[in-house]
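Next up, target_1.txt (compact mmCIF, C-alpha atoms and all ligand atoms):
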# COMPACT_ATOMS: atom_id res chain seq x y z
CA MET A 4 118.60 104.83 77.68
CA PHE A 5 115.13 104.46 79.28
CA ALA A 6 113.45 106.50 76.54
CA THR A 7 115.15 104.38 73.88
CA VAL A 8 114.03 101.16 75.56
CA LEU A 9 110.45 102.43 75.83
CA GLU A 10 110.39 103.58 72.21
CA ARG A 11 111.81 100.35 70.80
CA LEU A 12 109.66 98.06 72.92
CA LEU A 13 106.56 100.08 72.00
CA GLY A 14 107.52 99.71 68.34
CA ARG A 15 107.91 95.96 68.76
CA TYR A 16 104.98 95.04 71.01
CA GLY A 17 102.58 98.02 70.89
CA ARG A 18 100.67 99.45 73.86
CA GLN A 19 99.89 96.80 76.46
CA GLY A 20 96.74 98.42 77.91
CA TRP A 21 97.48 97.68 81.56
CA TRP A 22 95.69 97.55 84.01
CA PRO A 23 92.16 96.50 83.04
CA ALA A 24 90.01 97.25 86.11
CA ASP A 25 86.92 99.15 87.22
CA SER A 26 88.31 100.74 90.39
CA GLU A 27 91.42 101.46 92.43
CA LEU A 28 90.41 98.77 94.90
CA GLU A 29 90.18 96.19 92.12
CA ILE A 30 93.76 97.01 91.07
CA MET A 31 94.96 96.85 94.68
CA VAL A 32 93.31 93.46 95.15
CA GLY A 33 94.68 92.25 91.80
CA ALA A 34 98.19 93.37 92.76
CA VAL A 35 98.07 91.13 95.84
CA LEU A 36 96.48 88.21 94.02
CA VAL A 37 99.05 88.24 91.20
CA GLN A 38 101.96 87.75 93.62
CA ARG A 39 103.80 84.54 92.64
CA THR A 40 101.27 83.52 90.00
CA ALA A 41 100.31 84.24 86.39
CA TRP A 42 97.90 87.08 85.70
CA ARG A 43 95.19 84.76 84.33
CA ASN A 44 94.99 83.00 87.73
CA ALA A 45 94.74 86.30 89.59
CA ALA A 46 92.17 87.62 87.10
CA ALA A 47 89.98 84.55 87.64
CA ALA A 48 90.05 85.21 91.39
CA VAL A 49 89.18 88.87 90.87
CA GLU A 50 86.20 87.81 88.74
CA ARG A 51 85.02 85.41 91.44
CA LEU A 52 85.24 88.15 94.05
CA LYS A 53 83.25 90.44 91.78
CA SER A 54 80.59 87.84 91.03
CA ALA A 55 80.21 87.16 94.75
CA GLY A 56 79.83 90.89 95.47
CA ALA A 57 82.96 90.72 97.62
CA LEU A 58 85.08 93.33 95.86
CA SER A 59 84.49 96.13 98.33
CA THR A 60 86.30 97.31 101.44
CA ASN A 61 83.24 96.61 103.58
CA VAL A 62 82.97 93.00 102.49
CA LEU A 63 86.70 92.31 102.48
CA THR A 64 86.99 93.50 106.09
CA THR A 65 84.13 91.30 107.32
CA ILE A 66 83.85 88.21 105.12
CA PRO A 67 84.89 84.99 106.95
CA LEU A 68 88.47 84.16 106.00
CA GLY A 69 87.51 80.65 104.92
CA ARG A 70 84.98 82.04 102.43
CA LEU A 71 87.55 84.54 101.14
CA GLU A 72 90.10 81.75 100.70
CA HIS A 73 87.53 79.76 98.72
CA LEU A 74 86.81 82.69 96.41
CA ILE A 75 90.48 83.29 95.58
CA THR A 76 91.64 79.68 95.27
CA SER A 77 92.60 80.11 91.60
CA ALA A 78 95.30 82.64 92.55
CA GLY A 79 97.25 80.06 94.59
CA PHE A 80 98.69 80.57 98.11
CA PHE A 81 95.08 81.39 98.96
CA ARG A 82 95.46 81.24 102.75
CA VAL A 83 98.34 83.70 102.70
CA LYS A 84 96.64 85.93 100.14
CA ALA A 85 93.32 85.96 101.99
CA LYS A 86 95.12 87.31 105.07
CA ARG A 87 96.90 89.88 102.91
CA LEU A 88 93.63 91.02 101.33
CA ARG A 89 92.09 91.32 104.79
CA ALA A 90 95.06 93.39 105.99
CA LEU A 91 94.84 95.59 102.90
CA ALA A 92 91.09 96.15 103.30
CA ASP A 93 91.47 96.87 107.04
CA SER A 94 94.17 99.38 106.25
CA VAL A 95 92.13 101.10 103.52
CA ALA A 96 89.16 101.31 105.90
CA ARG A 97 91.33 102.75 108.69
CA ALA A 98 92.64 105.44 106.32
CA GLY A 99 89.04 106.46 105.54
CA GLY A 100 88.70 104.76 102.15
CA VAL A 101 90.28 104.90 98.71
CA THR A 102 89.11 108.49 98.18
CA VAL A 103 91.19 109.63 101.14
CA LEU A 104 94.20 107.65 99.93
CA ARG A 105 93.92 109.36 96.57
CA SER A 106 94.72 112.66 98.29
CA TYR A 107 97.98 111.39 99.85
CA PRO A 108 101.24 112.62 98.32
CA THR A 109 103.16 109.77 96.68
CA PRO A 110 105.83 109.26 99.40
CA ARG A 111 103.13 109.07 102.09
CA LEU A 112 101.00 106.72 100.02
CA ARG A 113 104.01 104.47 99.32
CA ALA A 114 104.86 104.36 103.02
CA TYR A 115 101.24 103.55 103.84
CA LEU A 116 101.20 100.66 101.35
CA LEU A 117 104.55 99.28 102.52
CA ASP A 118 103.16 99.20 106.04
CA VAL A 119 100.43 96.75 105.02
CA HIS A 120 101.11 93.08 105.81
CA GLY A 121 102.27 91.28 102.64
CA ILE A 122 102.88 94.34 100.49
CA GLY A 123 106.50 94.81 99.41
CA PRO A 124 108.08 97.39 97.12
CA GLU A 125 107.02 95.67 93.86
CA THR A 126 103.35 95.37 94.86
CA ALA A 127 103.31 98.87 96.39
CA ASP A 128 104.76 100.42 93.24
CA SER A 129 102.33 98.50 91.01
CA ILE A 130 99.45 99.90 93.07
CA LEU A 131 100.91 103.41 93.02
CA GLY A 132 101.38 103.34 89.26
CA TYR A 133 98.27 101.58 88.05
CA ALA A 134 95.65 102.31 90.74
CA PHE A 135 96.72 105.85 91.66
CA GLU A 136 98.52 106.86 88.44
CA ARG A 137 101.65 108.04 90.24
CA PRO A 138 104.89 108.32 88.24
CA VAL A 139 106.72 105.35 89.74
CA PHE A 140 108.70 102.56 88.11
CA VAL A 141 108.14 98.97 89.22
CA VAL A 142 111.50 97.24 89.66
CA ASP A 143 110.80 93.53 89.30
CA ALA A 144 112.82 90.49 88.22
CA TYR A 145 112.18 91.21 84.53
CA ALA A 146 113.42 94.79 84.85
CA ARG A 147 116.50 93.79 86.86
CA ARG A 148 117.46 91.17 84.30
CA LEU A 149 116.87 93.42 81.29
CA PHE A 150 118.78 96.41 82.63
CA ALA A 151 121.62 94.22 83.92
CA ARG A 152 122.04 92.84 80.40
CA LEU A 153 121.75 96.24 78.74
CA ALA A 154 124.42 97.66 81.07
CA TYR A 155 126.69 94.58 80.88
CA PRO A 156 129.55 94.30 81.86
CA ASP A 157 128.90 97.06 84.39
CA PRO A 158 127.20 95.85 87.55
CA LEU A 159 123.52 96.75 87.82
CA ALA A 160 122.75 99.70 90.09
CA ALA A 161 120.72 99.08 93.23
CA ASP A 162 116.94 98.87 92.79
CA ALA A 163 116.49 102.32 94.28
CA THR A 164 118.93 103.86 91.79
CA LEU A 165 117.39 102.09 88.80
CA LYS A 166 113.96 103.19 89.96
CA SER A 167 114.84 106.84 90.52
CA GLU A 168 116.82 107.17 87.28
CA CYS A 169 113.99 105.64 85.26
CA GLU A 170 111.39 107.85 86.96
CA HIS A 171 113.56 110.91 86.32
CA ALA A 172 113.96 110.01 82.64
CA LEU A 173 110.39 109.03 81.79
CA LYS A 174 108.51 111.32 84.20
CA THR A 175 104.87 110.32 83.66
CA ALA A 176 102.77 107.50 85.06
CA SER A 177 101.66 106.70 81.55
CA ASN A 178 105.26 106.18 80.32
CA LEU A 179 106.36 104.28 83.41
CA ASN A 180 103.32 102.00 83.50
CA GLU A 181 103.75 101.25 79.82
CA LEU A 182 107.45 100.49 80.26
CA HIS A 183 106.76 98.03 83.07
CA ALA A 184 104.17 96.17 80.98
CA LEU A 185 106.45 96.17 77.92
CA ILE A 186 109.43 94.86 79.88
CA ILE A 187 107.34 91.88 80.96
CA ALA A 188 106.20 91.30 77.36
CA HIS A 189 109.83 91.49 76.24
CA GLY A 190 111.00 89.19 79.03
CA ARG A 191 108.50 86.58 77.90
CA ALA A 192 109.26 87.00 74.20
CA SER A 193 113.04 87.54 74.11
CA CYS A 194 114.90 88.48 77.26
CA GLY A 195 114.03 85.53 79.46
CA SER A 196 116.37 83.36 81.49
CA ILE A 197 117.89 82.24 78.18
CA PRO A 198 118.00 85.39 76.03
CA ARG A 199 117.02 85.21 72.37
CA CYS A 200 119.12 88.10 71.11
CA LEU A 201 119.22 87.63 67.36
CA ASP A 202 115.74 89.01 66.78
CA CYS A 203 115.78 91.49 69.68
CA CYS A 204 114.87 95.13 69.02
CA LEU A 205 117.31 96.23 71.76
CA LYS A 206 120.39 94.31 70.66
CA SER A 207 122.21 97.34 69.19
CA ALA A 208 121.98 99.00 72.63
CA CYS A 209 122.72 95.90 74.67
CA GLY A 210 126.02 95.24 76.43
CA TYR A 211 125.32 91.53 76.71
CA ALA A 212 124.64 91.21 72.97
CA ARG A 213 127.82 93.18 72.24
CA ALA A 214 129.84 90.93 74.52
CA GLU A 215 128.44 87.87 72.76
CA SER A 216 129.11 89.49 69.34
CA LEU A 217 125.39 89.41 68.57
CA ALA A 218 124.71 93.15 68.39
CA SER A 219 125.26 93.37 64.64
CA ALA A 220 124.36 89.79 63.76
S1 LIG B 1 119.87 91.64 73.02
FE1 LIG B 1 119.53 89.75 74.22
S2 LIG B 1 120.21 90.22 76.30
FE2 LIG B 1 119.97 92.16 75.21
S3 LIG B 1 117.91 92.86 75.69
FE3 LIG B 1 117.77 91.69 73.79
S4 LIG B 1 117.31 89.56 74.39
FE4 LIG B 1 118.01 90.67 76.23

Go through the file and emit its structure as structure tokens.
Amino acid sequence: MFATVLERLLGRYGRQGWWPADSELEIMVGAVLVQRTAWRNAAAAVERLKSAGALSTNVLTTIPLGRLEHLITSAGFFRVKAKRLRALADSVARAGGVTVLRSYPTPRLRAYLLDVHGIGPETADSILGYAFERPVFVVDAYARRLFARLAYPDPLAADATLKSECEHALKTASNLNELHALIIAHGRASCGSIPRCLDCCLKSACGYARAESLASA
């Protein structure tokens, strides 16, 4: 099923080209800044950090928090996110830098990320996939909704099962990163809170569309 979803979404939306960034640290910072906001707001904050010369572990561990908050205002929740960026930078520094993290096996790197204040499974897996090119699938609200509808009326498997089955099926970071980006594109275009099934490229494989007699409409 996962390969079919990837193939059809690719055919519909094309490659999404995620994640535009110059370094692993930039992706890690972006992954924190994009929490609970749109990408354009996070991207503006990343650009401000860059312009201010603040997008480095050294600066992020030492810059006054008030100044950091000011630089990332566009991302929203800036007080919370400034503390999270500080915690992330402190943690990267303690590990010995991004180069050292790159050498960690995936389970160790995931555990390291999950140990950082403010980083949950979705942010950790985004960092693993896009910054460190590890073959992990990001289970977010878009993915849960899509796969619940595809599998309807069967209940959706737990996040961990969905994640491991998808990783097993698609195998590479390139495939899994692309699928995550495409699922978001599809969620925005068709499979949102109110699904628009008639024009959907997945409707022939979708339990929800079948149940609503839309699969062959
Ligand atoms: S057919 Fe409808 S419910 Fe199924 S994936 Fe497409 S938009 Fe979502």

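The environment of Asp118 (chain A) within 12 Å, counting only C-alpha atoms and disregarding residues fewer than 6 places along the same chain, consists of Arg87, Ala90, Leu91, Asp93, Ser94, Val95, Arg111, Leu112, Pro124, Thr126 and Ala127 of chain A.
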
Interatomic distance (Å, one decimal) between CA of Leu104 (chain A) and CA of Ser177 (chain A)
19.9 Å

Applying 7 Å and only C-alpha atoms, which residues near region 24-39 of chain A remain after dropping the ones on its own chain fewer than 2 positions away? List them as a list in words.
Trp22, Ala41, Trp42, Ala45, Val49, Leu58, Ala78, Lys84, Leu88, Thr126, Ser129, Ile130, Ala134 and Phe135 of chain A

Residue contacts of Arg137 (chain A) (8 Å, all atoms listed in the file) excluding same-chain residues fewer than 2 positions away, as a ChimeraX atom specification
/A:109,131-133,135,139,175-176

So the first atom is CA of Pro138 (chain A) and the second is CA of His183 (chain A); what is the distance between them in Å, to one decimal place?
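Spanning CA of Pro138 (chain A) to CA of His183 (chain A) is a straight-line distance of 11.7 Å.
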
What are the nearest atom pairs, with distances in Å to one decimal, for all residues of chain A that come at most 9 Å from ligand LIG 1 (chain B), using all atoms listed in the file, set out by chain and rising residue number as JSON lines?
{"residue": "A:Arg148", "atom": "CA", "partner": "B:LIG1", "partner_atom": "FE4", "distance": 8.1}
{"residue": "A:Leu149", "atom": "CA", "partner": "B:LIG1", "partner_atom": "S3", "distance": 5.7}
{"residue": "A:Phe150", "atom": "CA", "partner": "B:LIG1", "partner_atom": "S3", "distance": 7.8}
{"residue": "A:Ala151", "atom": "CA", "partner": "B:LIG1", "partner_atom": "S2", "distance": 8.7}
{"residue": "A:Arg152", "atom": "CA", "partner": "B:LIG1", "partner_atom": "S2", "distance": 5.2}
{"residue": "A:Leu153", "atom": "CA", "partner": "B:LIG1", "partner_atom": "FE2", "distance": 5.7}
{"residue": "A:His189", "atom": "CA", "partner": "B:LIG1", "partner_atom": "S4", "distance": 7.9}
{"residue": "A:Gly190", "atom": "CA", "partner": "B:LIG1", "partner_atom": "FE4", "distance": 7.7}
{"residue": "A:Ala192", "atom": "CA", "partner": "B:LIG1", "partner_atom": "S4", "distance": 8.4}
{"residue": "A:Ser193", "atom": "CA", "partner": "B:LIG1", "partner_atom": "S4", "distance": 4.7}
{"residue": "A:Cys194", "atom": "CA", "partner": "B:LIG1", "partner_atom": "S4", "distance": 3.9}
{"residue": "A:Gly195", "atom": "CA", "partner": "B:LIG1", "partner_atom": "FE4", "distance": 7.3}
{"residue": "A:Ile197", "atom": "CA", "partner": "B:LIG1", "partner_atom": "S4", "distance": 8.3}
{"residue": "A:Pro198", "atom": "CA", "partner": "B:LIG1", "partner_atom": "S4", "distance": 4.5}
{"residue": "A:Arg199", "atom": "CA", "partner": "B:LIG1", "partner_atom": "S4", "distance": 4.8}
{"residue": "A:Cys200", "atom": "CA", "partner": "B:LIG1", "partner_atom": "FE1", "distance": 3.5}
{"residue": "A:Leu201", "atom": "CA", "partner": "B:LIG1", "partner_atom": "S1", "distance": 7.0}
{"residue": "A:Asp202", "atom": "CA", "partner": "B:LIG1", "partner_atom": "FE3", "distance": 7.8}
{"residue": "A:Cys203", "atom": "CA", "partner": "B:LIG1", "partner_atom": "FE3", "distance": 4.6}
{"residue": "A:Cys204", "atom": "CA", "partner": "B:LIG1", "partner_atom": "FE3", "distance": 6.6}
{"residue": "A:Leu205", "atom": "CA", "partner": "B:LIG1", "partner_atom": "FE3", "distance": 5.0}
{"residue": "A:Lys206", "atom": "CA", "partner": "B:LIG1", "partner_atom": "S1", "distance": 3.6}
{"residue": "A:Ser207", "atom": "CA", "partner": "B:LIG1", "partner_atom": "S1", "distance": 7.3}
{"residue": "A:Ala208", "atom": "CA", "partner": "B:LIG1", "partner_atom": "FE2", "distance": 7.6}
{"residue": "A:Cys209", "atom": "CA", "partner": "B:LIG1", "partner_atom": "FE2", "distance": 4.7}
{"residue": "A:Gly210", "atom": "CA", "partner": "B:LIG1", "partner_atom": "FE2", "distance": 6.9}
{"residue": "A:Tyr211", "atom": "CA", "partner": "B:LIG1", "partner_atom": "S2", "distance": 5.3}
{"residue": "A:Ala212", "atom": "CA", "partner": "B:LIG1", "partner_atom": "S1", "distance": 4.8}
{"residue": "A:Arg213", "atom": "CA", "partner": "B:LIG1", "partner_atom": "S1", "distance": 8.1}
{"residue": "A:Leu217", "atom": "CA", "partner": "B:LIG1", "partner_atom": "S1", "distance": 7.4}
{"residue": "A:Ala218", "atom": "CA", "partner": "B:LIG1", "partner_atom": "S1", "distance": 6.9}

Given the point (84.1, 93.2, 108.0) in the file's coordinates, find the residues that have an atom at most 10 Å from it, counting all atoms listed in the file, and give them as a ChimeraX atom specification.
/A:60-67,89,92-93,96

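Across the model, the gap from CA of Ala144 (chain A) to CA of Arg11 (chain A) is 20.0 Å.
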
Some atoms are missing, so please complete region 90-108 of chain A with N, CA and C atoms and return it as a PDB file, in the frame of the given file.
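Listed below is the output, out13.pdb:
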ATOM      1  N   ALA A  90      94.217  92.323 105.441  1.00  0.00           N
ATOM      2  CA  ALA A  90      95.060  93.390 105.990  1.00  0.00           C
ATOM      3  C   ALA A  90      94.961  94.645 105.123  1.00  0.00           C
ATOM      4  N   LEU A  91      94.939  94.445 103.813  1.00  0.00           N
ATOM      5  CA  LEU A  91      94.840  95.590 102.900  1.00  0.00           C
ATOM      6  C   LEU A  91      93.506  96.317 103.097  1.00  0.00           C
ATOM      7  N   ALA A  92      92.413  95.542 103.135  1.00  0.00           N
ATOM      8  CA  ALA A  92      91.090  96.150 103.300  1.00  0.00           C
ATOM      9  C   ALA A  92      90.975  96.858 104.641  1.00  0.00           C
ATOM     10  N   ASP A  93      91.502  96.231 105.702  1.00  0.00           N
ATOM     11  CA  ASP A  93      91.470  96.870 107.040  1.00  0.00           C
ATOM     12  C   ASP A  93      92.212  98.196 106.998  1.00  0.00           C
ATOM     13  N   SER A  94      93.339  98.183 106.302  1.00  0.00           N
ATOM     14  CA  SER A  94      94.170  99.380 106.250  1.00  0.00           C
ATOM     15  C   SER A  94      93.486 100.494 105.436  1.00  0.00           C
ATOM     16  N   VAL A  95      92.860 100.107 104.322  1.00  0.00           N
ATOM     17  CA  VAL A  95      92.130 101.100 103.520  1.00  0.00           C
ATOM     18  C   VAL A  95      90.991 101.696 104.357  1.00  0.00           C
ATOM     19  N   ALA A  96      90.286 100.835 105.067  1.00  0.00           N
ATOM     20  CA  ALA A  96      89.160 101.310 105.900  1.00  0.00           C
ATOM     21  C   ALA A  96      89.666 102.263 106.988  1.00  0.00           C
ATOM     22  N   ARG A  97      90.781 101.900 107.622  1.00  0.00           N
ATOM     23  CA  ARG A  97      91.330 102.750 108.690  1.00  0.00           C
ATOM     24  C   ARG A  97      91.721 104.130 108.166  1.00  0.00           C
ATOM     25  N   ALA A  98      92.211 104.153 106.917  1.00  0.00           N
ATOM     26  CA  ALA A  98      92.640 105.440 106.320  1.00  0.00           C
ATOM     27  C   ALA A  98      91.423 106.307 105.972  1.00  0.00           C
ATOM     28  N   GLY A  99      90.237 105.686 105.905  1.00  0.00           N
ATOM     29  CA  GLY A  99      89.040 106.460 105.540  1.00  0.00           C
ATOM     30  C   GLY A  99      88.554 106.167 104.137  1.00  0.00           C
ATOM     31  N   GLY A 100      89.163 105.161 103.479  1.00  0.00           N
ATOM     32  CA  GLY A 100      88.700 104.760 102.150  1.00  0.00           C
ATOM     33  C   GLY A 100      89.665 105.172 101.054  1.00  0.00           C
ATOM     34  N   VAL A 101      89.397 104.651  99.860  1.00  0.00           N
ATOM     35  CA  VAL A 101      90.280 104.900  98.710  1.00  0.00           C
ATOM     36  C   VAL A 101      90.302 106.387  98.358  1.00  0.00           C
ATOM     37  N   THR A 102      89.161 107.059  98.520  1.00  0.00           N
ATOM     38  CA  THR A 102      89.110 108.490  98.180  1.00  0.00           C
ATOM     39  C   THR A 102      90.100 109.286  99.016  1.00  0.00           C
ATOM     40  N   VAL A 103      90.223 108.931 100.281  1.00  0.00           N
ATOM     41  CA  VAL A 103      91.190 109.630 101.140  1.00  0.00           C
ATOM     42  C   VAL A 103      92.617 109.309 100.687  1.00  0.00           C
ATOM     43  N   LEU A 104      92.852 108.036 100.369  1.00  0.00           N
ATOM     44  CA  LEU A 104      94.200 107.650  99.930  1.00  0.00           C
ATOM     45  C   LEU A 104      94.620 108.404  98.674  1.00  0.00           C
ATOM     46  N   ARG A 105      93.634 108.650  97.817  1.00  0.00           N
ATOM     47  CA  ARG A 105      93.920 109.360  96.570  1.00  0.00           C
ATOM     48  C   ARG A 105      94.541 110.741  96.843  1.00  0.00           C
ATOM     49  N   SER A 106      94.222 111.312  97.990  1.00  0.00           N
ATOM     50  CA  SER A 106      94.720 112.660  98.290  1.00  0.00           C
ATOM     51  C   SER A 106      96.132 112.636  98.910  1.00  0.00           C
ATOM     52  N   TYR A 107      96.645 111.467  99.239  1.00  0.00           N
ATOM     53  CA  TYR A 107      97.980 111.390  99.850  1.00  0.00           C
ATOM     54  C   TYR A 107      99.049 111.738  98.807  1.00  0.00           C
ATOM     55  N   PRO A 108     100.071 112.479  99.202  1.00  0.00           N
ATOM     56  CA  PRO A 108     101.240 112.620  98.320  1.00  0.00           C
ATOM     57  C   PRO A 108     101.904 111.248  98.133  1.00  0.00           C
TER      58      PRO A 108
END
